[in-house]
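Peer 1: My questions will all concern the structure given below.
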Amino acid sequence: MSATARKPERLLLALAAVVGAMVMAGCSTGGPPPGASASGGPLPASTSSPPPGTGGWPSKPFTDAELAAIINGVAHARNLPMAAAQDSTRLRSGAAAGSFPSVSTEATPGECSVFVPENPFVRWADKAASFAEGGIPVAGGQQGPASTIMIVLRSAEDIAKADFDYTEDLVSRCSHFGLVTTESGRPSAYAVQLLAAPPVAERQHGYMQSSEPKGPGDYGSVGLRVLAGTLSITLNLAVAGLDSDADAKPALDSMAALARDLITEAGKGAPSVAPVPANTLTAEQLVELFKGTTGPNGEPATLGGASVLGPPPGFTPGTPSKEPEAPCTFDDEAYFGSLSGAVMGQGQIQGPGKIDYSDFTVISMPEAASRPYPFDARAEGLRSCAGIQEEVPGGASRQWSPVIQLSPGPAADASYAVAYQLPDGTGEWHVRSGARRGTLSIEAESRTLSQAETQAKADALAAFFGNAFARAGV
């Protein structure tokens, strides 16, 4: 493993992208014998009573959104200022796009693979079980690569068989085992050791994992997997200086406390989540629309996933933090905030040169969206204003040079195409254009060093829009 891969930030990427925890610390050479726990006793089958007032372990499966609301509910109870759960819709649609790298895992002995969390790329595509993912800092800690507990929740009628289909005899045989993950043809080897876990629910086991060979400065991680009725919980925490079993105990204790909070939140019943408005295209259909498409010069157009705009699950819709986009401004934060319920995806077309790329955004509005559409107001402002102030997320703003109007290309219900420069000293010309047909809108930005090439850029983007509209049947 390279020095770069040992950095905490690299570790978090691995936690999120390779089996939930592929860069973890492992067992010392003087660890307990097979079948023994970190304290020297057998790994317990584990039993624990449901939290008081919850009416028992969850008995009905949760949806993706309900699982995300459970994570966010715990984050709220811990006074975290923002959503802790990721967007499951984007992850699922990304899996449908086939844009993720090929990853495989192989345990030795093979029977020990049941103790390895499911490959996330497989999990995101698995429609037999609901899931949600996120991260919550260790109690009292700050967000950071080695202080955030990574969370995976799964739920299904048969989740016990899917995630905990092992006997206590297999626990003994797999107390130590090897694991090889292969990503895009590059293998990495790890050593895994099972650990006794604090009793939290019906079943649980802990584990820690380290790269082989283990190098100086390697970060490690400890994992905890818990079964509570129809709820499966997998937690991971990166740990520095994880050299012995005893070093894993603080991490296991912190994760056990979080698991109890998650189970308590789930025990309150299915959280109330806002229904997703009916839309002409789902997130997966929007991604499918751009599969195999090419950009202006034949380069592949990549749309890696799509999301439903609006408050995260578990958050009550309230007054938007910003007013709708004002005339003569370009404010994506306000614009997207006015499109609650719309399905949005953002992608890129990479050309041969350093600046020969285009970023694009595609939005499918809800069927019940009312006129005038927000896109139309944006297009009118860009067509009629000589100067534009761009509001950059984070509170900054920048003034576009006097805007040059370009021909927007093929007919659409609403469209725009402009060229401008920024006061950044690069001399680059930015070409922004967009078009709407029906409830589907597409916008894109390209760059060029020559003002004379700006119309050609706009024409090429207009052709890209036209192809997308044709594929969508609008």
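Residues in the structure tokens are numbered from 1 in each chain, the chains being A, B, ... in the order shown, and ligands are numbered from 1 in the order shown.
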With DSSP run on the backbone, what are the helix (DSSP H, G or I) residues within stretch 129-191 of chain A? I'd like them as a ChimeraX atom specification.

Peer 2: /A:159-163,168-173

Peer 1: Pick out each residue of stretch 306-335 of chain A that DSSP on the backbone tags as strand (DSSP E or B); I need them as a PyMOL selection string.

Peer 2: chain A and resi 306-308+329-330

Peer 1: Deliver the residues from the most recent selection as a file, using C-alpha atoms, as an mmCIF file, in the first residue's frame.

Peer 2:
data_model
loop_
_atom_site.group_PDB
_atom_site.id
_atom_site.type_symbol
_atom_site.label_atom_id
_atom_site.label_comp_id
_atom_site.auth_asym_id
_atom_site.auth_seq_id
_atom_site.Cartn_x
_atom_site.Cartn_y
_atom_site.Cartn_z
ATOM 1 C CA ALA A 306 -29.538 11.549 -10.056
ATOM 2 C CA SER A 307 -31.342 12.855 -6.975
ATOM 3 C CA VAL A 308 -34.801 14.049 -6.005
ATOM 4 C CA THR A 329 -28.373 36.784 -11.255
ATOM 5 C CA PHE A 330 -27.198 33.233 -11.762
#

Peer 1: Do a neighbour search on stretch 405-421 of chain A at 7 Å with only C-alpha atoms, toss out local chain neighbours closer than 3 positions, and write the hits as a list in words.

Peer 2: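 The neighbour list is Asp376, Ala379, Leu382, Arg383, Trp400, Ser401, Pro402, Glu428, Trp429, His430, Val431, Arg432, Ser433, Gly434, Ala435, Arg436, Arg437, Thr454, Gln455, Ala458, Asp459 and Ala462 of chain A.
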
Peer 1: Restricting the calculation to only C-alpha atoms: of A:Gln399, A:Ser446, A:Gln142, A:Asn467, which residue gets closest to A:Asp359?

Peer 2: A:Ser446

Peer 1: Per residue of stretch 86-198 of chain A within 12 Å of stretch 263-272 of chain A, what are the shortest atom pair and its distance in Å to one decimal, counting only C-alpha atoms, with rows by chain and residue number, as a tab-separated table?

Peer 2:
residue	atom	partner	partner_atom	distance
A:Leu153	CA	A:Ile263	CA	10.5
A:Arg154	CA	A:Ala266	CA	11.9
A:Ser155	CA	A:Ala266	CA	10.9

Peer 1: May I have the selected residues written with N, CA and C atoms, as a short mmCIF file (atom, residue, chain, number, x, y, z; two decimals), in the first residue's frame?

Peer 2:
data_model
loop_
_atom_site.label_atom_id
_atom_site.label_comp_id
_atom_site.auth_asym_id
_atom_site.auth_seq_id
_atom_site.Cartn_x
_atom_site.Cartn_y
_atom_site.Cartn_z
N LEU A 153 -27.20 1.01 6.92
CA LEU A 153 -28.41 0.34 7.38
C LEU A 153 -29.02 -0.41 6.21
N ARG A 154 -29.45 -1.65 6.49
CA ARG A 154 -30.18 -2.44 5.49
C ARG A 154 -31.43 -3.01 6.15
N SER A 155 -32.46 -3.23 5.34
CA SER A 155 -33.70 -3.75 5.90
C SER A 155 -34.44 -4.58 4.87
#

Peer 1: Can you pull out every residue within 10 Å of A:Pro101, counting only C-alpha atoms, but drop anything in the same chain fewer than 4 positions away, and send it as a list of chain:residue names?

Peer 2: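 Contacts, with the query itself left out: A:Ala17, A:Phe121, A:Glu183, A:Ser184, A:Gly185.
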
Peer 1: Store the residues picked out above in a file with N, CA, C and O atoms, as a JSON list (two decimals), in the first residue's frame.

Peer 2:
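Once everything was written out, this is part-v9.json:
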[["chain", "number", "residue", "atom", "x", "y", "z"],
["A", 17, "ALA", "N", -16.15, 3.12, -0.45],
["A", 17, "ALA", "CA", -16.18, 2.56, -1.79],
["A", 17, "ALA", "C", -15.78, 1.10, -1.89],
["A", 17, "ALA", "O", -16.00, 0.50, -2.92],
["A", 121, "PHE", "N", -21.16, -1.31, -4.19],
["A", 121, "PHE", "CA", -21.70, -1.21, -5.54],
["A", 121, "PHE", "C", -22.76, -2.28, -5.78],
["A", 121, "PHE", "O", -23.72, -2.07, -6.52],
["A", 183, "GLU", "N", -10.03, -4.11, -7.30],
["A", 183, "GLU", "CA", -10.74, -2.98, -7.89],
["A", 183, "GLU", "C", -10.08, -2.61, -9.20],
["A", 183, "GLU", "O", -8.89, -2.31, -9.25],
["A", 184, "SER", "N", -10.87, -2.69, -10.28],
["A", 184, "SER", "CA", -10.37, -2.37, -11.62],
["A", 184, "SER", "C", -9.08, -3.15, -11.92],
["A", 184, "SER", "O", -8.12, -2.61, -12.47],
["A", 185, "GLY", "N", -9.06, -4.42, -11.50],
["A", 185, "GLY", "CA", -7.93, -5.29, -11.79],
["A", 185, "GLY", "C", -6.77, -5.20, -10.82],
["A", 185, "GLY", "O", -5.78, -5.92, -10.98]]

Peer 1: What does the distance from atom CA of A:Gly94 to atom CA of A:Gly304 come to in Å, to one decimal?

Peer 2: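 Spanning atom CA of A:Gly94 to atom CA of A:Gly304 is a straight-line distance of 5.1 Å.
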
Peer 1: Any idea what the distance is between atom CA of A:Glu212 and atom CA of A:Pro187?

Peer 2: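 Separation of atom CA of A:Glu212 and atom CA of A:Pro187: 11.4 Å.
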
Peer 1: Within 7 Å of A:Ala107, counting only C-alpha atoms, which residues qualify if same-chain residues fewer than 4 places away don't, as a PyMOL selection string?

Peer 2: chain A and resi 112-113+178-180

Peer 1: With only C-alpha atoms as the atoms that count, which of A:Ala83, A:Val171, A:Val362, A:Leu281 lies nearest to A:Gly473?

Peer 2: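 Residue with the minimum atom-to-atom distance to A:Gly473: A:Leu281.
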
Peer 1: If we count only C-alpha atoms, what is near stretch 252-261 of chain A at a cut-off of 9 Å, once residues fewer than 5 positions away on the same chain are taken out, given as a list in words?

Peer 2: Pro51, Val74, Ile136, Val138, Ala139, Ile149, Ala197, Pro198, Pro199, Val200, Ala201, Gly206, Val222, Gly223, Leu224, Arg225, Val226, Ile233, Thr234, Leu235, Asn236, Leu237 and Ala266 of chain A

Peer 1: Convert the current residue selection to file output with C-alpha atoms, as a PDB file, in the first residue's frame.

Peer 2:
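Result went into result13.pdb, see below:
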ATOM      1  CA  PRO A  51     -34.930  -0.640  24.118  1.00  0.00           C
ATOM      2  CA  VAL A  74     -30.061  10.172  15.539  1.00  0.00           C
ATOM      3  CA  ILE A 136     -21.903  10.476  12.448  1.00  0.00           C
ATOM      4  CA  VAL A 138     -17.964   9.878  17.652  1.00  0.00           C
ATOM      5  CA  ALA A 139     -19.905  11.383  20.572  1.00  0.00           C
ATOM      6  CA  ILE A 149     -18.422   6.441  12.270  1.00  0.00           C
ATOM      7  CA  ALA A 197     -18.936  -7.008  20.675  1.00  0.00           C
ATOM      8  CA  PRO A 198     -20.966  -5.386  23.448  1.00  0.00           C
ATOM      9  CA  PRO A 199     -24.466  -6.918  23.545  1.00  0.00           C
ATOM     10  CA  VAL A 200     -26.705  -4.561  21.601  1.00  0.00           C
ATOM     11  CA  ALA A 201     -29.421  -6.583  19.874  1.00  0.00           C
ATOM     12  CA  GLY A 206     -17.093  -6.969  15.833  1.00  0.00           C
ATOM     13  CA  VAL A 222     -12.836  -1.440  13.593  1.00  0.00           C
ATOM     14  CA  GLY A 223     -16.246  -2.672  12.470  1.00  0.00           C
ATOM     15  CA  LEU A 224     -19.459  -3.648  14.245  1.00  0.00           C
ATOM     16  CA  ARG A 225     -22.375  -5.525  12.667  1.00  0.00           C
ATOM     17  CA  VAL A 226     -25.711  -5.750  14.478  1.00  0.00           C
ATOM     18  CA  ILE A 233     -26.527  -2.223  11.017  1.00  0.00           C
ATOM     19  CA  THR A 234     -22.908  -2.093   9.891  1.00  0.00           C
ATOM     20  CA  LEU A 235     -20.637   0.514  11.474  1.00  0.00           C
ATOM     21  CA  ASN A 236     -16.973   1.280  10.838  1.00  0.00           C
ATOM     22  CA  LEU A 237     -14.523   3.658  12.469  1.00  0.00           C
ATOM     23  CA  ALA A 266     -36.019   2.555  14.540  1.00  0.00           C
TER      24      ALA A 266
END

Peer 1: Between atom CA of A:Ser450 and atom CA of A:Phe290, what distance in Å does the model show, to one decimal?

Peer 2: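 Going from atom CA of A:Ser450 over to atom CA of A:Phe290, I get 29.2 Å.
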
Peer 1: Neighbours of A:Pro81 within 12 Å (only C-alpha atoms; same-chain residues fewer than 3 positions away dropped), as a VMD selection string?

Peer 2: chain A and resid 72 to 78 84 136 to 137 142 to 143 315
